[in-house]
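Containing compact mmCIF, C-alpha atoms: my_file.txt.
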```
# COMPACT_ATOMS: atom_id res chain seq x y z
CA MET A 26 52.57 23.21 8.08
CA ARG A 27 52.22 24.83 11.45
CA GLU A 28 52.93 22.99 14.64
CA PRO A 29 50.39 22.23 15.95
CA PRO A 30 48.41 22.19 12.69
CA ARG A 31 45.68 24.79 12.50
CA ILE A 32 42.16 23.71 11.61
CA LEU A 33 39.51 26.17 10.53
CA VAL A 34 35.98 24.92 11.15
CA VAL A 35 33.18 26.71 9.29
CA ASP A 36 29.77 25.94 10.77
CA ASP A 37 26.90 28.25 11.53
CA GLU A 38 25.84 26.27 14.61
CA GLU A 39 27.50 27.69 17.68
CA ASN A 40 27.03 24.52 19.72
CA LEU A 41 28.74 22.46 17.06
CA CYS A 42 31.59 24.97 16.90
CA LEU A 43 32.13 24.46 20.62
CA LEU A 44 32.08 20.68 20.19
CA TYR A 45 34.62 20.81 17.35
CA ARG A 46 36.84 23.24 19.23
CA GLU A 47 36.95 20.98 22.25
CA GLU A 48 37.16 17.64 20.49
CA LEU A 49 39.73 18.63 17.89
CA GLY A 50 41.61 20.59 20.53
CA LEU A 51 41.90 17.35 22.52
CA GLU A 52 43.53 15.83 19.45
CA GLY A 53 46.20 18.49 19.77
CA TYR A 54 45.16 20.83 16.98
CA ASP A 55 44.94 24.58 17.00
CA VAL A 56 41.25 25.00 16.23
CA MET A 57 39.51 28.13 14.97
CA THR A 58 35.79 28.17 14.41
CA VAL A 59 33.77 30.72 12.45
CA ALA A 60 30.07 30.86 11.84
CA SER A 61 30.09 33.33 8.99
CA PRO A 62 31.16 32.30 5.47
CA ALA A 63 32.41 35.80 4.69
CA GLU A 64 34.62 35.80 7.75
CA ALA A 65 35.96 32.37 6.81
CA ILE A 66 36.94 33.56 3.33
CA LEU A 67 38.67 36.59 4.81
CA LEU A 68 40.58 34.39 7.27
CA VAL A 69 41.85 32.14 4.49
CA GLU A 70 42.93 35.17 2.53
CA GLN A 71 44.88 36.67 5.44
CA ASP A 72 46.33 33.63 7.16
CA PRO A 73 45.43 30.27 5.60
CA PRO A 74 45.00 27.31 7.99
CA ASP A 75 46.36 23.82 7.31
CA VAL A 76 42.96 22.31 6.77
CA VAL A 77 39.36 23.55 6.57
CA VAL A 78 36.36 21.61 7.85
CA MET A 79 33.30 22.99 6.11
CA ASP A 80 29.62 22.53 6.75
CA ILE A 81 27.69 22.54 3.50
CA ARG A 82 24.30 23.85 4.46
CA MET A 83 24.54 27.32 5.85
CA PRO A 84 22.29 30.29 5.47
CA ARG A 85 23.34 32.99 2.98
CA MET A 86 26.08 31.03 1.20
CA ASP A 87 26.43 27.28 0.83
CA GLY A 88 29.64 25.64 1.90
CA ILE A 89 30.51 24.46 -1.60
CA GLU A 90 30.49 28.05 -2.80
CA VAL A 91 32.57 29.16 0.17
CA MET A 92 35.04 26.40 -0.69
CA GLY A 93 35.20 27.67 -4.27
CA ARG A 94 36.05 31.17 -3.08
CA MET A 95 38.72 29.83 -0.73
CA LEU A 96 40.29 27.66 -3.40
CA SER A 97 40.46 30.61 -5.75
CA GLN A 98 42.58 32.32 -3.07
CA LYS A 99 44.70 29.30 -2.27
CA ASN A 100 44.25 26.37 -4.59
CA ASP A 101 46.20 23.83 -2.51
CA LEU A 102 44.11 24.39 0.60
CA PRO A 103 42.72 21.04 1.79
CA VAL A 104 38.98 21.29 2.47
CA ILE A 105 36.98 18.56 4.17
CA LEU A 106 33.24 18.81 3.49
CA ASN A 107 31.29 17.90 6.59
CA THR A 108 27.76 17.28 5.45
CA ALA A 109 24.48 15.68 6.32
CA TYR A 110 23.86 14.51 2.78
CA SER A 111 25.87 11.74 1.24
CA SER A 112 24.41 12.96 -2.06
CA TYR A 113 26.77 15.91 -2.15
CA LYS A 114 29.33 13.50 -3.52
CA ASP A 115 27.27 13.48 -6.70
CA ASP A 116 27.51 17.28 -7.08
CA PHE A 117 30.48 18.00 -9.34
CA ARG A 118 31.08 21.35 -7.62
CA SER A 119 32.08 19.43 -4.52
CA TRP A 120 34.79 17.44 -6.34
CA PRO A 121 37.68 19.81 -5.52
CA ALA A 122 37.20 18.93 -1.86
CA GLU A 123 39.98 16.87 -0.34
CA ALA A 124 37.49 14.60 1.44
CA TYR A 125 33.84 14.27 2.51
CA VAL A 126 32.61 13.23 5.89
CA ILE A 127 28.99 12.56 6.76
CA LYS A 128 28.12 14.74 9.73
CA SER A 129 27.72 12.56 12.79
CA SER A 130 27.83 12.81 16.54
CA ASP A 131 30.61 10.24 16.32
CA LEU A 132 33.57 12.43 15.40
CA SER A 133 36.01 9.57 14.89
CA GLU A 134 35.58 9.57 11.11
CA LEU A 135 36.20 13.30 10.98
CA LYS A 136 39.28 12.96 13.18
CA ARG A 137 40.60 10.10 11.07
CA THR A 138 40.05 12.12 7.88
CA ILE A 139 41.82 15.18 9.29
CA ARG A 140 44.81 13.03 10.25
CA LYS A 141 44.92 11.51 6.78
CA VAL A 142 44.62 14.86 5.02
CA LEU A 143 47.37 16.37 7.16
CA THR A 144 49.81 13.53 6.52
CA HIS A 145 49.23 13.87 2.79
CA THR A 146 50.03 17.58 2.72
CA VAL B 272 -32.76 -16.00 -56.59
CA VAL B 273 -28.99 -15.66 -56.47
CA SER B 274 -26.85 -16.96 -53.68
CA ARG B 275 -24.55 -14.64 -51.81
CA ASP B 276 -21.45 -15.46 -53.78
CA GLY B 277 -23.43 -15.04 -56.97
CA GLN B 278 -22.31 -18.35 -58.43
CA GLU B 279 -25.15 -20.66 -57.73
CA GLU B 280 -28.56 -19.82 -58.98
CA THR B 281 -31.55 -21.25 -57.29
CA SER B 282 -34.90 -21.02 -58.96
CA GLY B 283 -38.08 -20.03 -57.19
CA ARG B 284 -39.41 -23.51 -57.78
CA GLN B 285 -36.41 -25.12 -56.05
CA ILE B 286 -36.91 -22.87 -53.00
CA ALA B 287 -40.60 -23.70 -52.91
CA GLU B 288 -39.70 -27.41 -52.99
CA LEU B 289 -37.15 -26.87 -50.23
CA LEU B 290 -39.74 -25.17 -48.09
CA GLY B 291 -42.42 -27.74 -48.94
CA ALA B 292 -44.70 -24.86 -49.91
CA HIS B 293 -46.58 -23.94 -53.08
CA GLN B 294 -45.93 -20.27 -52.71
CA PHE B 295 -43.53 -18.06 -50.86
CA ALA B 296 -42.71 -14.36 -50.66
CA LEU B 297 -39.36 -12.60 -50.10
CA VAL B 298 -39.39 -9.09 -48.67
CA PRO B 299 -36.13 -7.19 -48.13
CA ILE B 300 -35.50 -5.67 -44.70
CA HIS B 301 -33.86 -2.28 -44.90
CA SER B 302 -32.27 -0.05 -42.39
CA ARG B 303 -31.28 3.55 -43.12
CA SER B 304 -27.73 2.40 -43.78
CA GLY B 305 -28.75 -0.30 -46.26
CA PRO B 306 -30.23 -3.79 -46.57
CA ILE B 307 -29.82 -5.90 -43.47
CA GLY B 308 -31.85 -9.01 -44.25
CA VAL B 309 -34.66 -10.74 -46.00
CA LEU B 310 -38.05 -11.74 -44.68
CA LEU B 311 -39.26 -15.04 -46.09
CA ALA B 312 -42.86 -16.15 -45.75
CA ASP B 313 -44.45 -19.26 -47.19
CA ASN B 314 -47.80 -21.01 -47.16
CA ALA B 315 -46.51 -24.46 -46.21
CA ILE B 316 -48.96 -24.66 -43.35
CA THR B 317 -51.96 -22.60 -44.43
CA ARG B 318 -51.82 -23.72 -48.09
CA SER B 319 -53.80 -20.62 -48.96
CA PRO B 320 -52.48 -18.40 -51.74
CA ILE B 321 -50.32 -15.39 -50.81
CA ASP B 322 -52.12 -12.31 -52.15
CA GLU B 323 -51.48 -8.56 -52.43
CA THR B 324 -52.81 -7.86 -48.90
CA ASP B 325 -50.43 -10.44 -47.42
CA LEU B 326 -47.53 -8.84 -49.29
CA HIS B 327 -48.59 -5.42 -48.05
CA ILE B 328 -48.61 -6.66 -44.44
CA LEU B 329 -45.26 -8.37 -44.99
CA ARG B 330 -43.76 -5.14 -46.35
CA LEU B 331 -45.10 -3.23 -43.35
CA PHE B 332 -43.72 -5.86 -41.00
CA ALA B 333 -40.32 -5.81 -42.75
CA ASN B 334 -40.29 -2.05 -42.32
CA TYR B 335 -40.93 -2.29 -38.61
CA ALA B 336 -38.44 -5.13 -38.28
CA GLY B 337 -35.79 -3.06 -40.06
CA THR B 338 -36.32 -0.13 -37.71
CA ALA B 339 -36.40 -2.39 -34.65
CA ILE B 340 -33.24 -4.24 -35.63
CA GLU B 341 -31.48 -0.96 -36.37
CA LYS B 342 -32.51 0.41 -32.99
CA ALA B 343 -31.38 -2.73 -31.21
CA ARG B 344 -28.02 -2.56 -32.96
CA LEU B 345 -27.65 1.11 -32.11
CA TYR B 346 -28.57 0.39 -28.53
CA ARG B 347 -25.98 -2.37 -28.33
CA LYS B 348 -23.35 -0.09 -29.82
CA ILE B 349 -24.17 2.67 -27.37
CA ARG B 350 -24.02 0.25 -24.49
CA GLU B 351 -20.62 -1.03 -25.63
CA GLU B 352 -19.33 2.50 -25.98
CA LYS B 353 -20.73 3.35 -22.58
CA ASP B 354 -18.94 0.34 -21.09
CA GLU B 355 -15.71 1.43 -22.78
CA LEU B 356 -16.13 4.96 -21.47
CA GLU B 357 -16.83 3.67 -17.99
CA THR B 358 -13.72 1.50 -18.09
CA ALA B 359 -11.66 4.44 -19.33
CA HIS B 360 -13.14 6.62 -16.65
CA ALA B 361 -12.36 4.07 -13.96
CA ASP B 362 -8.77 3.77 -15.27
CA LEU B 363 -8.44 7.52 -15.23
CA ARG B 364 -9.74 7.72 -11.70
CA ARG B 365 -7.36 5.00 -10.61
CA ASN B 366 -4.43 6.77 -12.25
CA GLN B 367 -5.48 10.01 -10.67
CA MET B 368 -5.60 8.35 -7.26
CA THR B 369 -2.13 6.86 -7.85
CA MET B 370 -0.82 10.26 -8.90
CA LEU B 371 -2.30 11.87 -5.84
CA ARG B 372 -0.82 9.19 -3.65
CA LEU B 373 2.61 9.56 -5.26
CA GLN B 374 2.37 13.31 -4.97
CA ARG B 375 1.51 13.02 -1.31
CA LEU B 376 4.40 10.62 -0.77
CA SER B 377 6.82 12.92 -2.54
CA ASP B 378 5.59 15.91 -0.51
CA LEU B 379 5.99 13.78 2.57
CA GLY B 380 9.49 12.80 1.42
CA GLY B 381 10.46 16.43 0.90
CA MET B 382 9.13 17.37 4.29
CA ALA B 383 10.80 14.40 5.95
CA ALA B 384 14.12 15.41 4.39
CA ARG B 385 13.75 18.98 5.62
CA VAL B 386 12.83 17.89 9.12
CA ALA B 387 15.66 15.36 9.14
CA HIS B 388 18.04 18.11 8.17
CA GLU B 389 16.92 20.41 10.93
CA ILE B 390 17.26 17.63 13.47
CA ARG B 391 20.69 16.56 12.34
CA ASN B 392 22.79 19.37 13.79
CA PRO B 393 21.21 19.36 17.26
CA LEU B 394 21.71 15.59 17.31
CA VAL B 395 25.39 15.96 16.50
CA ALA B 396 25.67 18.38 19.41
CA ILE B 397 23.75 16.12 21.84
CA GLY B 398 25.55 12.95 20.83
CA GLY B 399 28.92 14.64 20.47
CA PHE B 400 28.91 16.13 23.95
CA ALA B 401 27.48 12.95 25.44
CA ARG B 402 30.38 11.01 23.92
CA GLN B 403 32.80 13.59 25.28
CA MET B 404 31.34 13.23 28.79
CA LEU B 405 31.27 9.46 28.48
CA ALA B 406 34.98 9.43 27.66
CA THR B 407 35.78 11.34 30.86
CA THR B 408 33.36 9.52 33.16
CA ASP B 409 34.39 6.64 35.35
CA ARG B 410 32.74 3.31 34.52
CA ASP B 411 31.58 2.95 38.12
CA ASP B 412 29.91 6.35 38.02
CA PRO B 413 26.11 5.91 37.84
CA ARG B 414 26.08 8.56 35.12
CA TYR B 415 28.16 6.32 32.87
CA LYS B 416 25.26 4.00 32.03
CA ARG B 417 22.96 6.97 31.35
CA LEU B 418 25.48 8.63 29.07
CA GLU B 419 25.83 5.36 27.22
CA ILE B 420 22.08 5.35 26.70
CA ILE B 421 22.14 8.90 25.30
CA VAL B 422 24.96 7.98 22.92
CA SER B 423 23.29 4.83 21.66
CA GLU B 424 19.88 6.46 21.25
CA VAL B 425 21.44 9.31 19.31
CA ARG B 426 23.22 6.77 17.13
CA ARG B 427 19.87 5.09 16.45
CA LEU B 428 18.30 8.39 15.47
CA GLU B 429 21.22 9.19 13.21
CA VAL B 430 20.81 5.90 11.35
CA ILE B 431 17.15 6.73 10.74
CA LEU B 432 18.07 10.23 9.58
CA ARG B 433 20.63 8.90 7.16
CA GLU B 434 18.04 6.60 5.64
CA VAL B 435 15.55 9.44 5.28
CA LEU B 436 18.09 11.81 3.78
CA ASP B 437 19.53 9.24 1.41
CA TYR B 438 16.14 7.95 0.39
CA GLY B 439 14.88 8.92 -2.99
CA ARG B 440 18.11 10.01 -4.53
CA PRO B 441 18.94 7.99 -7.62
CA LEU B 442 20.83 4.82 -6.91
CA LYS B 443 24.03 4.47 -8.86
CA LEU B 444 24.37 0.88 -9.88
CA SER B 445 27.91 -0.40 -10.20
CA ALA B 446 27.22 -3.64 -11.96
CA ALA B 447 29.44 -6.70 -11.74
CA ARG B 448 28.98 -10.40 -12.29
CA VAL B 449 28.28 -11.75 -8.86
CA ASP B 450 27.23 -15.08 -7.39
CA PRO B 451 23.94 -14.28 -5.61
CA ASN B 452 24.45 -17.17 -3.20
CA SER B 453 27.66 -15.58 -1.95
CA ILE B 454 25.74 -12.35 -1.24
CA LEU B 455 23.11 -14.40 0.56
CA ARG B 456 25.70 -16.17 2.69
CA GLU B 457 27.35 -12.83 3.44
CA SER B 458 24.01 -11.35 4.51
CA LEU B 459 23.20 -14.36 6.69
CA GLU B 460 26.54 -13.94 8.41
CA LEU B 461 25.92 -10.24 8.99
CA VAL B 462 22.62 -10.86 10.77
CA ASP B 463 23.89 -13.80 12.77
CA SER B 464 24.38 -11.92 16.04
CA GLU B 465 20.93 -10.32 15.73
CA ARG B 466 19.46 -13.72 14.97
CA THR B 467 21.04 -15.23 18.08
CA ALA B 468 19.84 -12.34 20.23
CA LEU B 469 16.30 -12.77 18.90
CA GLY B 470 16.42 -16.53 19.46
CA VAL B 471 15.35 -17.39 15.93
CA THR B 472 16.58 -20.39 13.98
CA LEU B 473 17.67 -19.93 10.41
CA GLU B 474 17.69 -22.45 7.62
CA GLU B 475 19.15 -21.99 4.20
CA SER B 476 18.91 -23.96 1.02
CA LEU B 477 20.75 -22.35 -1.85
CA ASP B 478 20.47 -23.51 -5.43
CA ALA B 479 24.04 -23.81 -6.74
CA THR B 480 22.92 -23.12 -10.34
CA CYS B 481 21.92 -19.56 -9.37
CA GLY B 482 24.29 -17.15 -10.94
CA PRO B 483 26.31 -15.36 -11.70
CA ILE B 484 23.99 -12.41 -12.12
CA THR B 485 24.74 -8.84 -13.12
CA THR B 486 24.21 -6.84 -9.98
CA ASP B 487 25.47 -4.22 -7.59
CA ARG B 488 26.78 -6.36 -4.76
CA HIS B 489 26.38 -3.66 -2.14
CA LEU B 490 22.83 -2.69 -3.10
CA LEU B 491 21.58 -6.24 -3.46
CA ARG B 492 23.01 -7.06 -0.06
CA MET B 493 21.22 -4.05 1.38
CA ALA B 494 17.92 -5.29 -0.11
CA ILE B 495 18.43 -8.82 1.20
CA LEU B 496 19.45 -7.54 4.64
CA ASN B 497 16.34 -5.36 4.91
CA ILE B 498 14.06 -8.29 4.15
CA LEU B 499 16.05 -10.67 6.29
CA ARG B 500 15.94 -8.36 9.31
CA ASN B 501 12.19 -7.92 8.94
CA ALA B 502 11.77 -11.70 8.78
CA LEU B 503 13.92 -12.27 11.87
CA GLN B 504 12.02 -9.65 13.84
CA ALA B 505 8.70 -11.13 12.72
CA ALA B 506 9.77 -14.66 13.63
CA ALA B 507 10.92 -13.43 17.04
CA HIS B 508 7.29 -12.53 17.76
CA ARG B 509 6.30 -16.19 17.94
CA LYS B 510 4.74 -16.79 21.34
CA GLU B 511 5.90 -20.40 21.26
CA GLY B 512 9.48 -19.20 20.92
CA ASP B 513 10.04 -21.38 17.87
CA GLY B 514 10.71 -18.51 15.47
CA ARG B 515 12.17 -19.73 12.21
CA VAL B 516 13.35 -18.11 9.00
CA VAL B 517 14.04 -20.07 5.83
CA VAL B 518 16.14 -18.56 3.07
CA THR B 519 16.25 -20.24 -0.32
CA SER B 520 17.45 -19.40 -3.80
CA HIS B 521 16.05 -20.83 -7.02
CA ASN B 522 17.12 -20.77 -10.63
CA GLN B 523 13.99 -19.98 -12.65
CA GLY B 524 15.49 -19.87 -16.14
CA SER B 525 15.71 -16.19 -16.98
CA ASN B 526 15.82 -15.00 -13.39
CA ILE B 527 16.80 -16.14 -9.96
CA GLN B 528 14.37 -16.05 -7.09
CA ILE B 529 15.32 -15.46 -3.50
CA ARG B 530 12.69 -16.46 -0.96
CA VAL B 531 12.71 -15.40 2.66
CA GLN B 532 10.07 -17.13 4.73
CA ASP B 533 9.25 -16.52 8.36
CA ASN B 534 6.74 -18.11 10.69
CA GLY B 535 5.91 -14.83 12.42
CA PRO B 536 2.46 -13.32 12.95
CA GLY B 537 2.09 -12.32 9.29
CA ILE B 538 1.16 -8.93 7.89
CA PRO B 539 -2.36 -7.77 8.83
CA GLU B 540 -4.58 -7.62 5.77
CA GLU B 541 -5.23 -3.90 6.21
CA ASP B 542 -1.48 -3.18 6.08
CA GLN B 543 -0.63 -5.41 3.13
CA ALA B 544 -1.25 -2.78 0.45
CA ARG B 545 1.01 -0.29 2.17
CA VAL B 546 4.09 -2.23 3.24
CA PHE B 547 6.13 -0.97 0.28
CA ASP B 548 5.07 2.65 0.81
CA PRO B 549 7.85 4.88 2.02
CA TYR B 550 7.55 5.95 5.65
CA PHE B 551 5.05 3.21 6.41
CA THR B 552 6.06 1.24 9.46
CA THR B 553 4.44 -0.78 12.21
CA LYS B 554 7.62 -0.94 14.23
CA ALA B 555 8.12 1.27 17.26
CA SER B 556 11.40 2.42 15.85
CA GLY B 557 12.25 2.61 12.19
CA SER B 558 12.20 4.99 9.29
CA GLY B 559 9.62 2.99 7.37
CA LEU B 560 11.92 3.07 4.39
CA GLY B 561 13.38 -0.45 4.48
CA LEU B 562 10.99 -2.16 2.07
CA SER B 563 10.65 0.94 -0.03
CA ILE B 564 14.42 0.88 -0.52
CA VAL B 565 14.15 -2.82 -1.43
CA THR B 566 11.60 -1.94 -4.14
CA GLN B 567 13.88 0.77 -5.46
CA ILE B 568 16.88 -1.55 -5.60
CA LEU B 569 14.96 -4.38 -7.25
CA ARG B 570 13.53 -1.95 -9.80
CA GLU B 571 17.08 -0.85 -10.64
CA HIS B 572 17.85 -4.52 -11.27
CA ARG B 573 14.80 -4.89 -13.56
CA GLY B 574 13.53 -7.33 -11.02
CA ASN B 575 10.70 -7.20 -8.57
CA VAL B 576 9.73 -8.00 -5.04
CA ARG B 577 6.42 -9.26 -3.70
CA PHE B 578 5.13 -11.19 -0.75
CA GLU B 579 2.49 -13.60 0.44
CA SER B 580 1.36 -13.34 3.99
CA GLU B 581 -1.08 -15.29 6.07
CA PRO B 582 -1.96 -13.76 9.41
CA GLY B 583 -0.95 -16.16 12.16
CA LYS B 584 1.17 -18.31 9.85
CA GLY B 585 3.88 -16.08 8.50
CA THR B 586 5.16 -14.28 5.46
CA ILE B 587 7.18 -15.17 2.37
CA PHE B 588 9.01 -12.49 0.45
CA TYR B 589 9.98 -13.24 -3.14
CA MET B 590 12.74 -11.31 -4.88
CA ASP B 591 13.09 -11.95 -8.60
CA ILE B 592 16.31 -10.80 -10.22
CA PRO B 593 16.96 -11.36 -13.92
CA PHE B 594 20.27 -12.96 -14.88
CA GLU B 595 20.88 -10.12 -17.29
CA ARG B 596 19.89 -6.63 -16.33
CA GLY B 597 18.68 -5.80 -19.85
CA ALA B 598 18.87 -2.46 -21.62
CA ALA B 599 19.49 0.60 -19.47
CA LYS B 600 16.65 3.03 -19.00
```
What would the structure in this file look like if it were written as structure tokens?
Amino acid sequence: MREPPRILVVDDEENLCLLYREELGLEGYDVMTVASPAEAILLVEQDPPDVVVMDIRMPRMDGIEVMGRMLSQKNDLPVILNTAYSSYKDDFRSWPAEAYVIKSSDLSELKRTIRKVLTHT
Amino acid sequence: VVSRDGQEETSGRQIAELLGAHQFALVPIHSRSGPIGVLLADNAITRSPIDETDLHILRLFANYAGTAIEKARLYRKIREEKDELETAHADLRRNQMTMLRLQRLSDLGGMAARVAHEIRNPLVAIGGFARQMLATTDRDDPRYKRLEIIVSEVRRLEVILREVLDYGRPLKLSAARVDPNSILRESLELVDSERTALGVTLEESLDATCGPITTDRHLLRMAILNILRNALQAAAHRKEGDGRVVVTSHNQGSNIQIRVQDNGPGIPEEDQARVFDPYFTTKASGSGLGLSIVTQILREHRGNVRFESEPGKGTIFYMDIPFERGAAK
């Protein structure tokens, strides 16, 4: 693991990327945000982060598919699905994810989950 | 003359004696589908002999009678069939209306989910940055209170969104044997601070013979909480300030019944048919899904929920939950 740990956030909303960069940066992480799924896959291929925070609903490619592509590159990459739907837990394609977090303006659950995932790996 | 069962023979003379007449005539009444009766004429009153002309008239009359009776029967049959058709038609219309209504609700649900989704991300940004600013703002700063308001309003919206987005997806029941009274007590505890804030008194009377039942503890609690919160809010509307909610449980043999009674303003008659409809609400803030979720949960339990409401006096909600959940769908 890097020090500080690197987090890759994949979300197509620029404003949310800024929020995650700032908030997770305050937690002491090295945060990278990308809006494009293709770019995210490329990044993982070249220089995998310690954990990925992935939005599920994005135009062009859904986050679960992006996760699948990433895991085929690096199968021990921890991915946290950050989603608006709690029903994604019922989709078997989302099972390889390390954790799910319901997207909320309260980032404490996301922060807690990142901490947990990082201590496990 | 032979009786219907063909066993007992009666002679013409015996019939004449029975009738108190010297003479009588029997004329069959036919319809197109076969014999339908017999016309009997005697001379008990006139005492004058029955001749050929009389018989001719009788035959004519029997003919007419046969036709008339046949027509009357046909008419009755047609009318019955018409009634049946009308009933079927009315049923069909009713079903069609229900289908239309369900279709509209499901369209509405789909649209609500899409809208909720589009609103979600901007809300995360608004609330997220407001929280960030709140964390770095001094408590004495006048902006602190305003930021707090933004954060709490966003939180409220997010709760509504979650309900909308989660609504309608199949509930997964994790069944266990649970004492319903313990869920009731748990729920009462959970609403206690709300109850105090609303200034409503709460009474409970739980039947110890209720349970255990096969249920999903979490879901049943959600159903009870939704009804309980509605009752508390209704009771808080009492002008006299004597709002009261009574929660009871009853063992009814094959099922338990939970009753939640409030002395609030009651549900207006024009709203009563719609209170279980998704997205129907009379509250200023709310997703309108609370009672609809209750229906869904109770249906999953093979139970049901209904209410009685008297405007000005209050409302009682009844939740029936069978002891055994029965065969799975």
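With all atoms listed in the file as the atoms that count, the residue of B:Phe588, B:Phe332, B:Phe400, B:Phe295 with the shortest distance to chain A is B:Phe400.
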- Query: Do you know which residues are at most 8 Å from region 129-140 of chain A counting all atoms listed in the file, after dropping those on the same chain fewer than 5 positions away, and could you put them as a PyMOL selection string?
  - Reply: (chain A and resi 49+76+105+109+124) or (chain B and resi 394-399+402+425-426+429)
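Taking CA of Pro29 (chain A) and CA of Asp87 (chain A) as endpoints, the distance between them is 28.8 Å.
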- Record the distance separating CA of His572 (chain B) and CA of Tyr589 (chain B), expressed in Å with one decimal. 14.3 Å
- Message: Counting only C-alpha atoms, which residue out of A:Pro73, A:Met57, A:Gly88, A:Asn40 sits closest to Arg27 (chain A)?
- Response: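 The shortest atom-to-atom distance to Arg27 (chain A) comes from A:Pro73.
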